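Note: the block below is entry_34.txt and it holds compact mmCIF, C-alpha atoms.
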```txt
# COMPACT_ATOMS: atom_id res chain seq x y z
CA MET A 15 134.02 -29.37 84.63
CA GLU A 16 131.83 -28.35 87.58
CA HIS A 17 130.81 -31.10 89.99
CA LYS A 18 127.73 -30.57 92.14
CA THR A 19 129.34 -32.00 95.30
CA TYR A 20 132.43 -29.78 95.18
CA ALA A 21 132.70 -26.23 96.55
CA MET A 22 136.14 -25.86 94.97
CA GLN A 23 138.00 -27.61 92.17
CA VAL A 24 141.63 -26.91 91.37
CA GLN A 25 143.48 -28.67 88.58
CA GLY A 26 146.95 -27.97 87.16
CA LEU A 27 147.23 -24.64 88.99
CA LYS A 28 150.47 -22.80 88.27
CA LYS A 29 151.73 -19.42 89.40
CA LYS A 30 155.11 -17.79 88.92
CA PHE A 31 156.50 -14.49 90.19
CA LYS A 32 159.25 -13.39 87.83
CA GLU A 33 161.59 -16.39 87.73
CA LYS A 34 160.28 -18.01 90.93
CA THR A 35 157.68 -20.77 90.51
CA VAL A 36 155.39 -20.75 93.55
CA LEU A 37 152.69 -23.17 92.39
CA ASN A 38 153.67 -25.89 89.95
CA GLY A 39 150.65 -28.00 89.07
CA VAL A 40 148.45 -27.97 92.18
CA ASP A 41 145.42 -30.29 92.18
CA PHE A 42 142.75 -30.66 94.88
CA GLN A 43 139.01 -30.68 95.41
CA VAL A 44 136.96 -29.47 98.36
CA GLU A 45 133.61 -31.08 99.06
CA LYS A 46 130.69 -28.85 99.99
CA GLY A 47 129.98 -28.50 103.70
CA THR A 48 133.41 -29.74 104.82
CA ILE A 49 136.51 -28.23 106.42
CA PHE A 50 139.56 -28.44 104.16
CA SER A 51 142.96 -27.55 105.59
CA LEU A 52 146.00 -26.64 103.50
CA LEU A 53 149.31 -27.10 105.32
CA GLY A 54 152.76 -26.10 104.21
CA SER A 55 156.05 -24.55 105.28
CA ASN A 56 157.25 -21.02 104.59
CA GLY A 57 157.07 -20.24 100.89
CA ALA A 58 155.10 -23.38 100.06
CA GLY A 59 152.39 -21.33 98.35
CA LYS A 60 149.46 -21.44 100.79
CA THR A 61 148.83 -17.70 100.76
CA THR A 62 149.22 -17.55 96.98
CA THR A 63 146.66 -20.36 96.65
CA ILE A 64 144.15 -18.51 98.83
CA LYS A 65 144.67 -15.30 96.89
CA ILE A 66 143.90 -17.10 93.64
CA LEU A 67 140.84 -18.85 95.08
CA THR A 68 139.51 -15.52 96.36
CA THR A 69 140.26 -13.70 93.06
CA LEU A 70 143.01 -11.49 94.52
CA LEU A 71 145.50 -13.02 92.06
CA GLU A 72 145.07 -14.51 88.62
CA PRO A 73 146.49 -17.97 87.92
CA ASP A 74 149.06 -18.40 85.15
CA GLU A 75 147.71 -21.82 84.18
CA GLY A 76 145.12 -24.33 85.32
CA MET A 77 141.45 -24.63 86.15
CA VAL A 78 140.13 -23.00 89.33
CA LEU A 79 136.43 -23.21 90.13
CA VAL A 80 134.95 -21.72 93.30
CA ALA A 81 131.25 -22.37 93.91
CA GLY A 82 131.24 -23.74 90.36
CA ILE A 83 132.47 -20.43 88.95
CA ASP A 84 135.72 -19.84 87.07
CA VAL A 85 137.81 -17.38 89.15
CA CYS A 86 138.92 -15.62 85.97
CA LYS A 87 135.43 -15.02 84.58
CA ASP A 88 132.78 -13.87 87.06
CA ILE A 89 134.54 -12.27 90.02
CA LYS A 90 131.46 -10.43 91.29
CA LYS A 91 129.44 -13.63 91.48
CA ILE A 92 132.23 -15.40 93.37
CA HIS A 93 132.42 -12.53 95.89
CA GLU A 94 128.74 -13.04 96.64
CA GLN A 95 129.49 -16.65 97.62
CA ILE A 96 132.71 -16.27 99.65
CA SER A 97 134.32 -14.43 102.54
CA LEU A 98 137.96 -14.15 103.57
CA THR A 99 139.26 -13.71 107.10
CA GLY A 100 142.99 -13.06 106.96
CA GLN A 101 145.83 -13.56 109.40
CA PHE A 102 145.33 -10.07 110.82
CA VAL A 103 142.02 -8.85 112.23
CA ALA A 104 140.38 -6.35 109.87
CA VAL A 105 138.11 -4.28 112.11
CA ASP A 106 137.88 -0.55 112.73
CA GLU A 107 138.99 0.04 116.31
CA ALA A 108 137.50 3.54 116.39
CA LEU A 109 133.99 2.10 115.88
CA THR A 110 131.85 -0.04 118.16
CA GLY A 111 131.17 -3.70 117.43
CA MET A 112 127.70 -2.89 116.18
CA GLU A 113 128.96 -0.03 113.99
CA ASN A 114 131.51 -2.34 112.34
CA LEU A 115 128.80 -4.87 111.54
CA MET A 116 126.34 -2.23 110.31
CA MET A 117 129.01 -0.82 108.01
CA MET A 118 129.52 -4.25 106.42
CA ALA A 119 125.78 -4.82 106.18
CA LYS A 120 125.39 -1.57 104.22
CA LEU A 121 128.32 -2.44 101.93
CA TYR A 122 126.64 -5.73 101.04
CA ARG A 123 123.19 -4.10 100.89
CA VAL A 124 121.81 -6.61 103.38
CA LYS A 125 118.04 -6.60 103.78
CA GLU A 126 116.96 -5.88 107.36
CA PRO A 127 120.53 -5.06 108.46
CA LYS A 128 119.68 -4.40 112.13
CA LYS A 129 118.07 -7.83 112.43
CA GLU A 130 121.05 -9.58 110.82
CA VAL A 131 123.53 -7.65 112.94
CA GLN A 132 121.71 -8.52 116.18
CA GLN A 133 121.62 -12.18 115.21
CA LEU A 134 125.39 -12.20 114.62
CA LEU A 135 126.09 -10.33 117.86
CA SER A 136 124.04 -12.93 119.71
CA TYR A 137 125.63 -15.86 117.89
CA PHE A 138 129.16 -14.68 118.72
CA SER A 139 128.28 -13.69 122.29
CA LEU A 140 129.11 -10.03 121.66
CA GLU A 141 125.78 -8.49 122.70
CA THR A 142 127.06 -7.00 125.96
CA ALA A 143 130.01 -5.40 124.15
CA GLN A 144 128.16 -4.23 121.03
CA HIS A 145 128.23 -0.53 122.02
CA LYS A 146 131.86 -0.53 123.18
CA LYS A 147 134.73 0.66 121.00
CA VAL A 148 136.57 -2.27 119.41
CA SER A 149 139.82 -0.81 120.81
CA THR A 150 138.63 -2.11 124.21
CA TYR A 151 138.03 -5.68 122.93
CA SER A 152 140.27 -8.63 123.76
CA GLY A 153 142.05 -10.51 120.97
CA GLY A 154 139.43 -13.24 121.05
CA MET A 155 136.55 -10.75 120.85
CA ARG A 156 138.16 -8.95 117.91
CA ARG A 157 138.59 -12.22 116.05
CA LYS A 158 134.94 -13.11 116.72
CA LEU A 159 133.85 -9.72 115.38
CA ASP A 160 136.09 -10.14 112.34
CA ILE A 161 134.47 -13.47 111.46
CA ALA A 162 130.98 -12.09 112.21
CA MET A 163 131.63 -9.29 109.71
CA SER A 164 132.66 -11.83 107.09
CA LEU A 165 129.37 -13.69 107.57
CA ILE A 166 127.05 -10.71 107.15
CA HIS A 167 126.18 -11.61 103.55
CA LYS A 168 125.70 -15.34 104.36
CA PRO A 169 128.54 -16.79 102.24
CA SER A 170 128.54 -20.48 101.38
CA ILE A 171 132.36 -20.65 101.49
CA ILE A 172 134.65 -19.12 104.12
CA PHE A 173 138.42 -18.81 103.83
CA LEU A 174 140.11 -18.71 107.23
CA ASP A 175 143.79 -17.83 106.93
CA GLU A 176 145.36 -18.63 110.32
CA PRO A 177 142.27 -17.53 112.30
CA THR A 178 143.63 -18.31 115.79
CA THR A 179 147.11 -16.81 115.49
CA GLY A 180 147.87 -14.76 118.60
CA LEU A 181 144.88 -16.03 120.60
CA ASP A 182 145.21 -17.53 124.06
CA PRO A 183 144.31 -21.25 124.46
CA GLN A 184 140.80 -20.52 125.77
CA SER A 185 140.00 -18.19 122.86
CA ARG A 186 141.43 -20.71 120.39
CA ARG A 187 139.11 -23.40 121.74
CA ALA A 188 136.16 -21.03 121.51
CA MET A 189 137.09 -20.30 117.89
CA TRP A 190 137.28 -24.04 117.15
CA ALA A 191 133.71 -24.41 118.42
CA ILE A 192 132.55 -21.60 116.11
CA VAL A 193 134.26 -23.17 113.10
CA LYS A 194 132.66 -26.54 113.83
CA GLU A 195 129.23 -24.95 114.20
CA LEU A 196 129.62 -23.13 110.87
CA LYS A 197 130.39 -26.48 109.25
CA ASN A 198 127.29 -27.98 110.90
CA GLN A 199 125.26 -25.23 109.22
CA GLY A 200 126.54 -26.39 105.82
CA VAL A 201 129.24 -23.78 105.28
CA THR A 202 132.38 -24.92 103.44
CA ILE A 203 135.58 -23.82 105.20
CA PHE A 204 139.05 -23.51 103.69
CA LEU A 205 141.52 -23.32 106.56
CA THR A 206 145.21 -22.57 106.80
CA THR A 207 146.87 -22.70 110.20
CA GLN A 208 150.28 -22.70 111.81
CA TYR A 209 148.94 -25.03 114.53
CA LEU A 210 149.04 -28.59 113.22
CA GLU A 211 146.87 -29.87 116.08
CA GLU A 212 144.24 -27.34 114.95
CA ALA A 213 144.11 -28.89 111.49
CA GLU A 214 143.91 -32.33 113.08
CA GLU A 215 141.06 -31.21 115.35
CA LEU A 216 138.98 -29.38 112.75
CA ALA A 217 139.67 -30.64 109.23
CA ASP A 218 137.76 -33.34 107.38
CA HIS A 219 140.47 -33.36 104.72
CA ILE A 220 144.07 -32.14 104.81
CA ALA A 221 146.46 -31.43 101.94
CA ILE A 222 150.20 -30.84 102.39
CA LEU A 223 151.69 -28.33 99.98
CA HIS A 224 155.45 -28.50 99.44
CA GLU A 225 157.61 -26.80 96.82
CA GLY A 226 154.58 -25.80 94.79
CA LYS A 227 152.81 -29.17 94.71
CA ILE A 228 150.40 -31.20 96.84
CA ILE A 229 152.58 -34.05 98.07
CA LYS A 230 150.00 -35.84 100.24
CA GLU A 231 146.34 -35.49 101.13
CA GLY A 232 143.63 -37.37 102.98
CA THR A 233 141.68 -37.37 106.22
CA PRO A 234 143.69 -36.82 109.42
CA GLN A 235 143.41 -40.54 110.21
CA GLN A 236 144.55 -41.55 106.73
CA LEU A 237 147.58 -39.28 106.96
CA LYS A 238 148.52 -40.45 110.45
CA SER A 239 148.32 -44.08 109.32
CA ILE A 240 151.47 -43.41 107.27
CA LEU A 241 153.47 -43.67 110.50
CA PRO A 242 153.42 -46.23 113.33
CA LYS A 243 150.72 -45.35 115.83
CA HIS A 244 152.71 -45.99 119.01
CA VAL A 245 156.05 -44.47 120.00
CA LEU A 246 157.94 -44.96 123.29
CA GLU A 247 160.48 -42.24 124.06
CA LEU A 248 163.21 -43.22 126.52
CA GLN A 249 165.59 -40.82 128.18
CA LEU A 250 168.59 -42.74 129.43
CA SER A 251 170.58 -41.83 132.54
CA ASN A 252 174.05 -41.81 130.99
CA GLN A 253 176.08 -42.34 127.82
CA ILE A 254 176.74 -46.01 128.57
CA SER A 255 173.02 -46.79 128.92
CA TYR A 256 172.33 -44.82 125.74
CA GLU A 257 174.89 -46.82 123.74
CA LYS A 258 173.67 -50.14 125.21
CA THR A 259 170.09 -49.25 124.20
CA ILE A 260 171.10 -48.43 120.62
CA ASP A 261 172.91 -51.75 120.30
CA LEU A 262 170.19 -53.78 122.02
CA LEU A 263 167.33 -52.36 119.97
CA LYS A 264 169.04 -52.03 116.57
CA GLN A 265 166.40 -54.28 114.94
CA TYR A 266 163.71 -51.67 115.76
CA GLN A 267 162.94 -48.39 114.02
CA LEU A 268 164.69 -45.84 116.22
CA HIS A 269 164.96 -42.08 116.38
CA LYS A 270 168.10 -41.05 118.31
CA GLU A 271 169.10 -37.82 120.05
CA GLU A 272 172.58 -38.48 121.43
CA THR A 273 173.06 -35.04 122.95
CA ILE A 274 170.24 -35.71 125.43
CA TRP A 275 170.58 -39.55 125.53
CA THR A 276 167.09 -40.02 124.13
CA VAL A 277 165.83 -42.93 122.01
CA SER A 278 162.35 -43.17 120.46
CA ILE A 279 161.05 -46.64 119.50
CA THR A 280 158.12 -47.30 117.17
CA PHE A 281 155.84 -50.29 117.69
CA GLN A 282 153.46 -52.38 115.67
CA ASP A 283 152.46 -54.96 118.35
CA VAL A 284 152.69 -52.79 121.45
CA LEU A 285 151.98 -55.25 124.25
CA ASN A 286 154.24 -58.13 123.21
CA GLU A 287 157.09 -55.97 121.90
CA LEU A 288 157.10 -53.65 124.92
CA MET A 289 157.34 -56.48 127.44
CA ASP A 290 160.20 -58.03 125.47
CA ILE A 291 162.10 -54.72 125.28
CA LEU A 292 161.75 -54.00 128.99
CA GLN A 293 162.98 -57.48 129.92
CA GLN A 294 166.01 -57.11 127.64
CA MET A 295 166.85 -53.70 129.07
CA LYS A 296 166.59 -54.98 132.62
CA LYS A 297 168.97 -57.86 131.88
CA ALA A 298 171.43 -55.43 130.28
CA ASP A 299 171.30 -53.19 133.39
CA ILE A 300 170.25 -50.18 131.33
CA GLN A 301 169.33 -47.18 133.48
CA ILE A 302 166.27 -45.18 132.38
CA GLN A 303 165.85 -41.66 133.71
CA ASP A 304 162.43 -40.98 132.19
CA PHE A 305 160.01 -42.20 129.53
CA ARG A 306 156.79 -41.17 127.83
CA TRP A 307 154.27 -42.59 125.39
CA LYS A 308 153.56 -40.65 122.25
CA GLN A 309 150.84 -41.16 119.68
CA THR A 310 151.31 -40.11 116.07
CA THR A 311 150.19 -36.53 115.40
CA MET A 312 149.86 -34.36 112.31
CA GLU A 313 153.15 -32.74 113.29
CA ASP A 314 154.87 -36.13 112.97
CA VAL A 315 153.29 -36.63 109.53
CA PHE A 316 154.24 -33.11 108.47
CA MET A 317 157.86 -33.65 109.54
CA LYS A 318 157.95 -36.95 107.70
CA MET A 319 156.47 -35.59 104.47
CA ILE A 320 158.44 -32.37 104.04
CA GLY A 321 161.61 -33.22 105.97
CA LYS A 322 162.56 -32.35 109.51
CA GLU A 323 164.59 -29.34 108.44
CA HIS A 324 161.35 -27.57 107.38
CA ALA A 325 159.13 -28.78 110.22
CA TYR A 326 159.25 -25.65 112.35
CA GLU A 327 158.62 -23.24 109.45
CA THR A 328 154.87 -23.63 109.51
CA VAL A 329 153.88 -19.97 109.18
CA ASP A 330 153.36 -18.84 105.58
CA LYS A 331 153.26 -15.05 105.62
```

Let me see the structure of the file written as structure tokens.
Amino acid sequence: MEHKTYAMQVQGLKKKFKEKTVLNGVDFQVEKGTIFSLLGSNGAGKTTTIKILTTLLEPDEGMVLVAGIDVCKDIKKIHEQISLTGQFVAVDEALTGMENLMMMAKLYRVKEPKKEVQQLLSYFSLETAQHKKVSTYSGGMRRKLDIAMSLIHKPSIIFLDEPTTGLDPQSRRAMWAIVKELKNQGVTIFLTTQYLEEAEELADHIAILHEGKIIKEGTPQQLKSILPKHVLELQLSNQISYEKTIDLLKQYQLHKEETIWTVSITFQDVLNELMDILQQMKKADIQIQDFRWKQTTMEDVFMKMIGKEHAYETVDK
């Protein structure tokens, strides 16, 4: 049943390719005007989910509503409401920036195309490069043009599938600002990314997809609250100090890396517990080579939820 506050509703979504089940009862909702991020390891089903939401694939089972429309019933109407920017920039390098935008404007039969194109060129700071061939553009400029082209028909929902892959840090930050501004204008954004800090920075709501199901979802703060907030990582000077530390702090929650003599300690009451630990280590003549504070991140949550063995497989091609 359609709900007026949701841009997307997915319930009991299933998809199988031959004998392989990719989606096995996926449920989530995306509120209008928010940024929703779907995270998952290789083969988790992120790309399949996006393809179903954007009508590129049909679901085997389940309810999928986009902009209140069943994805299996009125594809044309859905296409009027959405845009998809994929992992790879889809622009014509032989054309200029303006020519690419004008081509899209004509495809969508935009009224006053020149006016709309100029507004987008200005918004994405591409005015000075509008008459240059796209082949001369930087990676960041191409990505900006790609997103500008997807906005030519003023969609209410945008799917961004790893939009900052391959961009340098400065261009990534610039893209983050654009995404936030689109949200401020009331656009709903469905984001997948291989950068977990990007999801943490941008998303209002995050869902973790694993083995075909949503295993956890919530705001970034809600998800990070699963784990202790404060972690002290100690690198000991030698094997003896490492072993002494393990024995001394066995009542604490520890993460150990013996090959590099590193121990990570999680805290609840940071001030009192830290002072007590340091005093005990001093009495035991434990030699510390280095230390650092670490706050819980989405990467920590991701590793916890899907298992460390999958934690570095965050690109779903």

**OP:** Go through A:Thr142, A:Thr48, A:Gln133, A:Thr259 one by one, measure the shortest atom-to-atom distance of each to Ala217 in chain A using all atoms listed in the file, and give the residue with the smallest value.
**Re:** A:Thr48

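Closest approach to Leu196 in chain A among A:Arg306, A:Gln208, A:Ile49, A:Asn38 is made by A:Ile49 (distances from only C-alpha atoms).
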
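Each of A:Phe316, A:Trp275, A:Phe204, A:Phe305 was checked against Val245 in chain A using only C-alpha atoms; the smallest atom-to-atom distance is that of A:Phe305.
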
With a cut-off of 10 Å, could you pull out the residues of range 121-213 of chain A touching range 67-91 of chain A and give me the nearest pair of atoms for each, distance in Å to one decimal, using all atoms listed in the file, ordered by chain and ascending number, as a Markdown table?
```
| residue | atom | partner | partner_atom | distance |
| --- | --- | --- | --- | --- |
| A:Ser170 | CA | A:Ala81 | CA | 8.2 |
| A:Ile171 | CA | A:Ala81 | CA | 7.9 |
| A:Ile172 | CA | A:Thr68 | CA | 9.8 |
| A:Phe173 | CA | A:Thr68 | CA | 8.2 |
| A:Thr202 | CA | A:Ala81 | CA | 9.9 |
| A:Phe204 | CA | A:Leu67 | CA | 10.0 |
```

Original post:
Residues at most 9 Å from Ile229 in chain A, counting all atoms listed in the file, excluding those fewer than 6 positions away in the same chain, as number ranges by chain?
Top reply: A: 221-223, 319-320

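Take the candidates A:Gln43, A:Gln144, A:Ser278, A:Thr273 and check each one against Ile260 in chain A using all atoms listed in the file; the shortest distance goes to A:Ser278.
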
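Note that the spacing between CA of Gly39 in chain A and CA of Tyr20 in chain A amounts to 19.3 Å.
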
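The coordinates place CA of Leu135 in chain A at 8.2 Å from CA of Leu159 in chain A.
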
Mind running range 248-290 of chain A against range 307-312 of chain A at 10 Å and telling me each contacting residue's nearest atom pair with the distance in Å (one decimal), counting only C-alpha atoms, chain and number ascending, as JSON lines?
```
{"residue": "A:Leu248", "atom": "CA", "partner": "A:Trp307", "partner_atom": "CA", "distance": 9.0}
{"residue": "A:Ser278", "atom": "CA", "partner": "A:Lys308", "partner_atom": "CA", "distance": 9.3}
{"residue": "A:Ile279", "atom": "CA", "partner": "A:Trp307", "partner_atom": "CA", "distance": 9.9}
{"residue": "A:Thr280", "atom": "CA", "partner": "A:Lys308", "partner_atom": "CA", "distance": 9.5}
```

**OP:** Excluding Thr150 in chain A and residues on its chain fewer than 4 positions from it, collect all residues at most 12 Å away from it, counting only C-alpha atoms, and give them as a ChimeraX atom specification.
**Re:** /A:106-111,143-146,154-156

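Point (138.8, -30.2, 103.9) has the following residues at most 10 Å away: Phe42, Gln43, Val44, Glu45, Lys46, Gly47, Thr48, Ile49, Phe50, Ser51, Leu52, Thr202, Ile203, Phe204, Leu205, Ala213, Leu216, Ala217, Asp218, His219, Ile220, Ala221, Glu231, Gly232, Thr233 and Pro234 of chain A (atoms considered: only C-alpha atoms).
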
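Nearest to Pro169 in chain A of all the residues A:His269, A:Lys227, A:His93, A:Lys318 is A:His93, based on all atoms listed in the file.
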
Original post:
How far is it from CA of Ser55 in chain A to CA of Val36 in chain A, in Å with one decimal?
Top reply: 12.3 Å

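Closest approach to Leu292 in chain A from the set A:Gln25, A:Leu263, A:Ile192, A:Lys129 is made by A:Leu263, with distances taken over only C-alpha atoms.
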
Can range 219-241 of chain A be brought up to N, CA, C and O atoms and written out as a CSV table (one decimal), in the coordinates of the input?
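Output saved as selection06.csv:
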```csv
chain,number,residue,atom,x,y,z
A,219,HIS,N,139.5,-33.0,105.7
A,219,HIS,CA,140.5,-33.4,104.7
A,219,HIS,C,141.6,-32.4,104.8
A,219,HIS,O,141.5,-31.2,105.0
A,220,ILE,N,142.9,-32.9,104.7
A,220,ILE,CA,144.1,-32.1,104.8
A,220,ILE,C,144.9,-32.4,103.6
A,220,ILE,O,145.1,-33.5,103.2
A,221,ALA,N,145.5,-31.3,103.0
A,221,ALA,CA,146.5,-31.4,101.9
A,221,ALA,C,147.8,-30.8,102.4
A,221,ALA,O,147.7,-29.7,103.0
A,222,ILE,N,148.9,-31.4,102.1
A,222,ILE,CA,150.2,-30.8,102.4
A,222,ILE,C,150.8,-30.3,101.1
A,222,ILE,O,151.0,-31.0,100.2
A,223,LEU,N,151.1,-29.0,101.1
A,223,LEU,CA,151.7,-28.3,100.0
A,223,LEU,C,153.2,-28.1,100.2
A,223,LEU,O,153.6,-27.6,101.3
A,224,HIS,N,154.0,-28.6,99.3
A,224,HIS,CA,155.4,-28.5,99.4
A,224,HIS,C,156.1,-28.2,98.1
A,224,HIS,O,155.8,-29.0,97.1
A,225,GLU,N,156.9,-27.2,98.0
A,225,GLU,CA,157.6,-26.8,96.8
A,225,GLU,C,156.7,-26.7,95.6
A,225,GLU,O,157.0,-27.2,94.5
A,226,GLY,N,155.5,-26.1,95.9
A,226,GLY,CA,154.6,-25.8,94.8
A,226,GLY,C,153.7,-26.9,94.4
A,226,GLY,O,152.9,-26.7,93.4
A,227,LYS,N,153.7,-28.1,95.1
A,227,LYS,CA,152.8,-29.2,94.7
A,227,LYS,C,152.2,-29.8,96.0
A,227,LYS,O,152.7,-29.7,97.0
A,228,ILE,N,151.0,-30.4,95.8
A,228,ILE,CA,150.4,-31.2,96.8
A,228,ILE,C,151.1,-32.5,96.9
A,228,ILE,O,151.1,-33.3,95.9
A,229,ILE,N,151.8,-32.8,98.0
A,229,ILE,CA,152.6,-34.0,98.1
A,229,ILE,C,151.8,-35.2,98.8
A,229,ILE,O,152.2,-36.3,98.7
A,230,LYS,N,150.8,-34.8,99.6
A,230,LYS,CA,150.0,-35.8,100.2
A,230,LYS,C,148.7,-35.2,100.7
A,230,LYS,O,148.7,-34.1,101.1
A,231,GLU,N,147.6,-36.0,100.6
A,231,GLU,CA,146.3,-35.5,101.1
A,231,GLU,C,145.5,-36.7,101.6
A,231,GLU,O,145.7,-37.8,101.2
A,232,GLY,N,144.5,-36.3,102.4
A,232,GLY,CA,143.6,-37.4,103.0
A,232,GLY,C,143.0,-36.9,104.3
A,232,GLY,O,143.2,-35.7,104.7
A,233,THR,N,142.2,-37.7,104.9
A,233,THR,CA,141.7,-37.4,106.2
A,233,THR,C,142.8,-37.4,107.2
A,233,THR,O,143.9,-38.0,107.0
A,234,PRO,N,142.6,-36.8,108.4
A,234,PRO,CA,143.7,-36.8,109.4
A,234,PRO,C,144.1,-38.2,109.8
A,234,PRO,O,145.3,-38.5,109.9
A,235,GLN,N,143.1,-39.1,109.9
A,235,GLN,CA,143.4,-40.5,110.2
A,235,GLN,C,144.2,-41.2,109.1
A,235,GLN,O,145.1,-42.0,109.4
A,236,GLN,N,143.8,-41.0,107.9
A,236,GLN,CA,144.6,-41.6,106.7
A,236,GLN,C,146.0,-41.1,106.7
A,236,GLN,O,146.9,-41.9,106.5
A,237,LEU,N,146.2,-39.8,107.0
A,237,LEU,CA,147.6,-39.3,107.0
A,237,LEU,C,148.4,-39.8,108.1
A,237,LEU,O,149.6,-40.2,108.0
A,238,LYS,N,147.8,-39.9,109.3
A,238,LYS,CA,148.5,-40.4,110.4
A,238,LYS,C,148.8,-41.9,110.3
A,238,LYS,O,149.8,-42.4,110.9
A,239,SER,N,148.1,-42.6,109.5
A,239,SER,CA,148.3,-44.1,109.3
A,239,SER,C,149.6,-44.3,108.5
A,239,SER,O,150.1,-45.5,108.5
A,240,ILE,N,150.2,-43.3,108.0
A,240,ILE,CA,151.5,-43.4,107.3
A,240,ILE,C,152.6,-43.9,108.2
A,240,ILE,O,153.5,-44.6,107.9
A,241,LEU,N,152.5,-43.4,109.5
A,241,LEU,CA,153.5,-43.7,110.5
A,241,LEU,C,152.9,-44.7,111.5
A,241,LEU,O,151.7,-44.8,111.7
```
